[in-house]
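To start, the structure itself, in structure tokens.
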Amino acid sequence: MAISISSCGVFQPNKGKKPSSMASTKSSSKKGGIQPYSKVITKKAKSDSGLFMVHKLDEKYFFEIPDTLIGREMLMVTRIAKTAANLGFGGGKQNTSVLRWDQKDKKLLLRVVSHQIYAADSLPVSEAVKNSNFEPILYAFDVKAYKKDTVNNSRNIVIDATELFTEDVKPLGMPDFRRKGYKVSRLDKKRSYIDTIRSYPENIEVRHVKTYNAGSPPSNSATGSISVMMSNSMILLPKEPMKRRYFDQRVGWFARGQTDYGLEDQKSKTVVYLDRWRLEVKDEDIEKFKRGELVEPKKPIVYYIDRATPEKWRPYIKQGIEDWQVAFEAAGFKNAIIAKDPPTIEEDPDWSPEDVRYSVVRYLASPIPNANGPHVSDPRSGEILESDINWYHNVMTLLRNWFFVQTAAINPDARGVAFKDEVMGRLIRFVSAHEVGHTLGLPHNMGSSVAYPVEKLRDPEFTKEYGTAPSIMDYARFNYVAQPGDGDVALMPNIGPYDKYAIMWGYKPILDKEGKEEKPILDSWILEKQDDPMYRFGGQQFGVIDPSSQTEDLGDDSVLASTYGIANLKRIVPNLIEWTKEDGKDYEDLETMYGQVLSQYNRYMGHVASNIGGVYQYNKTYDQEGAVYTHVPKEKQEAAMNFLQEQLFDTPGWLIDNTIFDKIEAAGSVERIRSFQTRTLNNMLDFGRMARLIENETINGDDAYTYPEMMTDLRKGLFSELSRGKTIDVYRRNLQRAYVERLEYLMTNEQSQIPAAFRRFVKRTNVDVSQSDIRPVVRAELKALRSNVRSAVNRTRDRMSKYHLQDLEERITMILEPNKS
């Protein structure tokens with residue numbers, strides 16, 4: 001058993017006596033011991049000054065660390081800088097650790113610090129917390145030399161840091177989940193090396209190439225290996241952590257948690273606090289702020305536009321950043337967020353987007369059709385230290401596709417595959433503002449868009465004032481509800497009422513109060529808005545239970561909104577060839593845009609289907625009236641079922657356009673329609689959805705849309721031809737077989753397990769299928785269907801319909817009587 005004693009002043013040297021770790025002259029002659037500085041860092045060294053000195057000698061890198069940094073905490077952020085195909089993406093964060101330099105005799109230790117558990121040092125329980133939170137040593141370095149720094153009044157410790165980045169130190173390289181997926185066996189040192197180490201005033205930036213032997217590499221499989229360039233940022237954390245603001249689930253915010261054992265609660269409790277920038281009122285402006293005047297913060301939020309960004313798009317990205325000024329004005333600040341061009345190489349050759357002092361919109365030459373806004377924050381306080389927005393070139397393709405399929409029916413500017421610069425610029429500005437919102441601390445607010453009545457989205461006056469949703473952080477995209485003749489309606493959201501409210505709630509200083517003292521005031525701001533749907537937060541769902549908090553939807557009635565959306569798609573399809581044509585070009589764009597029509601149509605089906613068995617979630621506290629969870633009203637669920645029968649399960653003939661098909665494919669239209677019909681059907685016949693329907697009936701009785709009613713309505717709609725002996729076309733035959741196959745699945749399978757890696761993200765209703773009412777109802781439906789099929793066989797005169805019904809009868813019998821020979 002090893003016994004470790006903390007270095008909190010237990011062993012103090014005798015007064016006037018030099019500590020042993022400080023002695024260097026006697027050991028300097030010993031081989032491998034502490035040497036004179038000039039023997040370690042020779043004149044051949046290439047040195048870079050910043051947070052601490054970095055010296056390069058041949059292939060070795062030495063760190064010269066001031067003793068003033070001993071005990072200071074640093075944040076190590078590990079990202080992929082460059083990668084192979086199918087292996088993450090450049091800029092993707094892989095790991096974050098807090099590190100602390102600690103000296104022990106002739107060793108300099110790099111410890112991993114955890115802030116997951118905590119108790120104030122003044123409390124007795126703090127000793128127990130320290131004993132339960134011993135800091136592991138990431139790496140131990142031999143002290144090579146010392147140097148007295150008279151300028152900074154410090155003594156610098158020199159170590160050889162090379163092996164920290166050339167060895168397989170897992171927190172600094174490829175994470176475990178990727179190693180397991182690609183069957184990584186070991187690091188190949190011969191094909192691994194340090195690329196660069198640069199020192200900046202507040203951070204050290206390291207880039208190193210790691211090559212791993214791998215059994216299942218995602219690309220270049222013949223090499224049996226994976227090579228990636230990793231980026232490690234060592235960021236000095238502030239000496240004084242920022243004042244925390246505590247999280248409330250009624251306002252959407254990126255947050256972090258810490259288990260505090262020093263509270264008076266009779267259990268360990270996790271306190272959760274916001275990730276946000278440190279915006280503070282200048283001392284000389286405090287009285288102005290108290291009077292309600294706008295003041296400039298001590299340090300504004302500044303974003304630089306990457307030098308690689310094409311000139312014509314820079315103004316739009318900058319506008320998207322500064323669109324948030326109005327939100328910070330609601331928090332009491334002016335000029336709180338600023339967009340700047342970086343200095344030219346001639347103006348400042350040392351300026352770099354890797355310098356943690358600069359937050360940068362990074363323009364990446366990548367085929368990824370996306371943008372994202374990650375940030376780096378202090379785990380002790382939630383203070384955002386910097387953010388680099390990753391802007392991938394092909395985000396323009398994504399914007400073109402969305403704008404075309406959602407607005408071309410009413411918007412001539414969207415009719416084509418290449419937009420005018422001012423049109424694309426406006427779309428870029430929209431995405432820029434959305435991504436900046438993430439870097440300010442705001443997650444997606446998918447509950448925002450349902451605040452507006454659907455018909456208001458057709459009103460030019462209303463949409464010009466309020467946009468298409470109260471929050472730009474919703475995935476409310478573009479106005480697919482507006483119809484031809486509605487006039488000059490707004491087509492996208494802006495920084496809306498919710499965004500201003502959320503920024504005010506998170507950033508407005510509450511002077512002379514800290515932490516829990518702020519809660520009554522923060523609560524009062526929430527209660528002021530509690531009855532207004534424009535200020536509601538609805539979190540993003542991975543597995544939709546709450547139909548009022550979905551991606552890509554618009555308005556308070558998904559059936560009506562989707563009906564309008566389909567009407568516009570019906571206007572687009574006959575014009576697809578005209579709106580995508582260009583002499584000398586093949587039909588690739590036609591195929592792409594037809595695919596976009598199908599995707600948009602499928603979204604409408606998902607928006608509506610989620611109402612069946614849906615449960616609304618409105619977060620509340622004890623001082624607010626009403627339930628947090630309420631089932632979707634019966635009439636809304638019935639309307640959803642009718643919509644799906646009419647718009648999806650009745651064959652959507654308007655999508656079957658042979659003038660398109662004969663230009664983009666030899667075959668596939670039948671399979672395509674089967675595929676998206678089946679996707680929605682299986683979604684409706686989900687174990688969790690059935691469990692919620694059963695519970696709804698249990699709680700609400702006749703006021704509920706019951707599970708048996710849903711199943712009967714679905715069957716009657718899907719098999720409406722049976723009672724009249726009508727011909728069943730190929731699309732309906734495929735759909736009916738898919739229905740029977742799904743019922744077989746429900747009879748023979750249990751609810752699948754959610755993979756451990758996704759459990760914290762995916763929401764669903766869990767149910768023990770074998771002991772629930774699910775299978776008795778499914779069995780009853782199969783028996784009813786078999787009876788209907790037997791009766792219909794003799795009524796139909798169409799040969800394929802007859803064969804189909806005979807096959808269905810056999811399939812159903814095999815499900816109900818599996819042991820029958």
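Chain labels run A, B, ... following the order of the structure tokens; each chain numbers its residues from 1, and ligands are numbered from 1 in the order shown.
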Quiz prompt | Spatial neighbours of stretch 589-599 of chain A, 8 Å, only C-alpha atoms, chain gap at least 5 places, as a PyMOL selection string | solution = chain A and resi 401-402+405+417+569+573+576-577+580-581+660+664
Quiz item: Which of these, A:Val793, A:Val436, A:Ala327, A:Val431, has the shortest distance to A:Pro374 once you count only C-alpha atoms?
Solution: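 Ranked by minimum distance to A:Pro374, first place goes to A:Val436.
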Quiz prompt | All strand (DSSP E) positions in stretch 158-221 of chain A, as a ChimeraX atom specification | solution = /A:158-160,184-187,193-199,203-214
Practice problem: Just give me the gap between atom CA of A:Asp532 and atom CA of A:Pro470 in Å, one decimal is fine. | Solution: 11.1 Å
Practice problem: Determine which residues of stretch 320-568 of chain A receive a DSSP assignment of alpha helix (DSSP H), computed from the backbone, and state them as an NGL selection string. | Solution: :A and (320-322 or 325-330 or 395-407 or 421-440 or 460-466 or 497-507 or 519-528 or 558-568)
Write out the residues from the selection above, keeping C-alpha atoms, as a PDB file, in the first residue's frame.
```pdb
ATOM      1  CA  GLY A 320     -24.355  37.827 -37.993  1.00  0.00           C
ATOM      2  CA  ILE A 321     -21.983  38.320 -35.060  1.00  0.00           C
ATOM      3  CA  GLU A 322     -23.024  41.881 -34.339  1.00  0.00           C
ATOM      4  CA  GLN A 325     -25.852  43.600 -29.956  1.00  0.00           C
ATOM      5  CA  VAL A 326     -29.590  44.032 -29.423  1.00  0.00           C
ATOM      6  CA  ALA A 327     -29.651  41.058 -27.059  1.00  0.00           C
ATOM      7  CA  PHE A 328     -26.782  42.408 -24.960  1.00  0.00           C
ATOM      8  CA  GLU A 329     -28.529  45.766 -24.803  1.00  0.00           C
ATOM      9  CA  ALA A 330     -31.337  43.926 -23.016  1.00  0.00           C
ATOM     10  CA  VAL A 395     -22.401  25.045 -45.560  1.00  0.00           C
ATOM     11  CA  MET A 396     -23.460  27.092 -48.595  1.00  0.00           C
ATOM     12  CA  THR A 397     -24.686  23.922 -50.273  1.00  0.00           C
ATOM     13  CA  LEU A 398     -26.812  23.153 -47.240  1.00  0.00           C
ATOM     14  CA  LEU A 399     -28.245  26.667 -47.235  1.00  0.00           C
ATOM     15  CA  ARG A 400     -29.004  26.506 -50.947  1.00  0.00           C
ATOM     16  CA  ASN A 401     -30.871  23.234 -50.567  1.00  0.00           C
ATOM     17  CA  TRP A 402     -32.951  24.380 -47.583  1.00  0.00           C
ATOM     18  CA  PHE A 403     -33.785  27.763 -49.064  1.00  0.00           C
ATOM     19  CA  PHE A 404     -34.755  26.243 -52.391  1.00  0.00           C
ATOM     20  CA  VAL A 405     -37.043  23.517 -51.090  1.00  0.00           C
ATOM     21  CA  GLN A 406     -38.666  25.652 -48.360  1.00  0.00           C
ATOM     22  CA  THR A 407     -39.229  28.942 -50.201  1.00  0.00           C
ATOM     23  CA  ASP A 421     -24.284  36.856 -53.744  1.00  0.00           C
ATOM     24  CA  GLU A 422     -26.629  39.079 -51.745  1.00  0.00           C
ATOM     25  CA  VAL A 423     -29.095  36.198 -51.328  1.00  0.00           C
ATOM     26  CA  MET A 424     -26.414  33.741 -50.220  1.00  0.00           C
ATOM     27  CA  GLY A 425     -24.908  36.478 -48.059  1.00  0.00           C
ATOM     28  CA  ARG A 426     -28.159  36.902 -46.169  1.00  0.00           C
ATOM     29  CA  LEU A 427     -28.306  33.147 -45.571  1.00  0.00           C
ATOM     30  CA  ILE A 428     -24.702  33.170 -44.333  1.00  0.00           C
ATOM     31  CA  ARG A 429     -25.566  35.983 -41.948  1.00  0.00           C
ATOM     32  CA  PHE A 430     -28.419  33.875 -40.559  1.00  0.00           C
ATOM     33  CA  VAL A 431     -26.168  30.860 -39.925  1.00  0.00           C
ATOM     34  CA  SER A 432     -23.435  33.080 -38.495  1.00  0.00           C
ATOM     35  CA  ALA A 433     -25.853  34.511 -35.930  1.00  0.00           C
ATOM     36  CA  HIS A 434     -27.095  31.034 -35.009  1.00  0.00           C
ATOM     37  CA  GLU A 435     -23.587  29.677 -34.430  1.00  0.00           C
ATOM     38  CA  VAL A 436     -22.541  32.741 -32.442  1.00  0.00           C
ATOM     39  CA  GLY A 437     -25.540  32.096 -30.193  1.00  0.00           C
ATOM     40  CA  HIS A 438     -24.017  28.734 -29.309  1.00  0.00           C
ATOM     41  CA  THR A 439     -20.690  30.345 -28.464  1.00  0.00           C
ATOM     42  CA  LEU A 440     -22.485  32.749 -26.132  1.00  0.00           C
ATOM     43  CA  PRO A 460     -46.057  40.238 -43.755  1.00  0.00           C
ATOM     44  CA  GLU A 461     -46.504  42.735 -40.917  1.00  0.00           C
ATOM     45  CA  PHE A 462     -46.229  40.118 -38.178  1.00  0.00           C
ATOM     46  CA  THR A 463     -43.252  38.263 -39.675  1.00  0.00           C
ATOM     47  CA  LYS A 464     -41.295  41.453 -40.359  1.00  0.00           C
ATOM     48  CA  GLU A 465     -41.557  42.335 -36.682  1.00  0.00           C
ATOM     49  CA  TYR A 466     -41.119  38.875 -35.155  1.00  0.00           C
ATOM     50  CA  PRO A 497     -37.717  37.980 -28.187  1.00  0.00           C
ATOM     51  CA  TYR A 498     -36.533  34.757 -26.555  1.00  0.00           C
ATOM     52  CA  ASP A 499     -32.897  35.393 -27.506  1.00  0.00           C
ATOM     53  CA  LYS A 500     -32.958  38.859 -25.935  1.00  0.00           C
ATOM     54  CA  TYR A 501     -34.600  37.463 -22.811  1.00  0.00           C
ATOM     55  CA  ALA A 502     -32.135  34.567 -22.485  1.00  0.00           C
ATOM     56  CA  ILE A 503     -29.075  36.804 -22.897  1.00  0.00           C
ATOM     57  CA  MET A 504     -30.530  39.230 -20.366  1.00  0.00           C
ATOM     58  CA  TRP A 505     -31.172  36.380 -17.920  1.00  0.00           C
ATOM     59  CA  GLY A 506     -27.680  34.965 -18.301  1.00  0.00           C
ATOM     60  CA  TYR A 507     -25.572  38.100 -18.626  1.00  0.00           C
ATOM     61  CA  LYS A 519     -31.731  33.239  -7.438  1.00  0.00           C
ATOM     62  CA  PRO A 520     -34.785  35.247  -6.254  1.00  0.00           C
ATOM     63  CA  ILE A 521     -34.070  37.916  -8.874  1.00  0.00           C
ATOM     64  CA  LEU A 522     -33.409  35.385 -11.628  1.00  0.00           C
ATOM     65  CA  ASP A 523     -36.618  33.551 -10.682  1.00  0.00           C
ATOM     66  CA  SER A 524     -38.613  36.793 -10.846  1.00  0.00           C
ATOM     67  CA  TRP A 525     -37.382  37.387 -14.401  1.00  0.00           C
ATOM     68  CA  ILE A 526     -38.627  33.929 -15.398  1.00  0.00           C
ATOM     69  CA  LEU A 527     -42.006  34.338 -13.684  1.00  0.00           C
ATOM     70  CA  GLU A 528     -42.591  37.627 -15.503  1.00  0.00           C
ATOM     71  CA  SER A 558     -48.130  20.825 -37.284  1.00  0.00           C
ATOM     72  CA  VAL A 559     -51.043  19.485 -39.341  1.00  0.00           C
ATOM     73  CA  LEU A 560     -51.921  22.909 -40.750  1.00  0.00           C
ATOM     74  CA  ALA A 561     -48.288  23.962 -41.214  1.00  0.00           C
ATOM     75  CA  SER A 562     -47.466  20.693 -42.996  1.00  0.00           C
ATOM     76  CA  THR A 563     -50.539  21.014 -45.210  1.00  0.00           C
ATOM     77  CA  TYR A 564     -49.287  24.420 -46.338  1.00  0.00           C
ATOM     78  CA  GLY A 565     -45.789  23.014 -46.765  1.00  0.00           C
ATOM     79  CA  ILE A 566     -47.007  20.176 -48.986  1.00  0.00           C
ATOM     80  CA  ALA A 567     -49.016  22.618 -51.087  1.00  0.00           C
ATOM     81  CA  ASN A 568     -45.756  24.465 -51.785  1.00  0.00           C
TER      82      ASN A 568
END
```
Against stretch 234-254 of chain A, which residues of stretch 390-482 of chain A fall within 7 Å? For each one I want the closest pair of atoms and the distance in Å (one decimal), counting only C-alpha atoms, rows by chain and increasing residue number, as CSV.
```
residue,atom,partner,partner_atom,distance
A:Gly441,CA,A:Phe254,CA,5.2
A:Leu442,CA,A:Trp253,CA,4.8
A:Pro443,CA,A:Trp253,CA,5.7
A:Asn445,CA,A:Gly252,CA,6.8
```
Residues of the last selection are to be written out with N, CA and C atoms, as a PDB file, in the first residue's frame.
```pdb
ATOM      1  N   GLY A 441     -23.367  30.662 -25.222  1.00  0.00           N
ATOM      2  CA  GLY A 441     -23.868  29.789 -24.165  1.00  0.00           C
ATOM      3  C   GLY A 441     -25.242  29.219 -24.429  1.00  0.00           C
ATOM      4  N   LEU A 442     -25.859  29.567 -25.552  1.00  0.00           N
ATOM      5  CA  LEU A 442     -27.240  29.151 -25.804  1.00  0.00           C
ATOM      6  C   LEU A 442     -27.299  27.858 -26.616  1.00  0.00           C
ATOM      7  N   PRO A 443     -27.998  26.834 -26.120  1.00  0.00           N
ATOM      8  CA  PRO A 443     -28.220  25.614 -26.909  1.00  0.00           C
ATOM      9  C   PRO A 443     -29.395  25.831 -27.862  1.00  0.00           C
ATOM     10  N   ASN A 445     -33.061  25.879 -29.033  1.00  0.00           N
ATOM     11  CA  ASN A 445     -34.365  26.014 -28.376  1.00  0.00           C
ATOM     12  C   ASN A 445     -35.424  25.532 -29.350  1.00  0.00           C
TER      13      ASN A 445
END
```
Quiz item: From the set A:Val762, A:Val112, A:Ile204, A:Leu718, which residue has the shortest atom-to-atom contact distance to A:Leu51, counting only C-alpha atoms?
Solution: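 For A:Leu51, the nearest of the candidates is A:Ile204.
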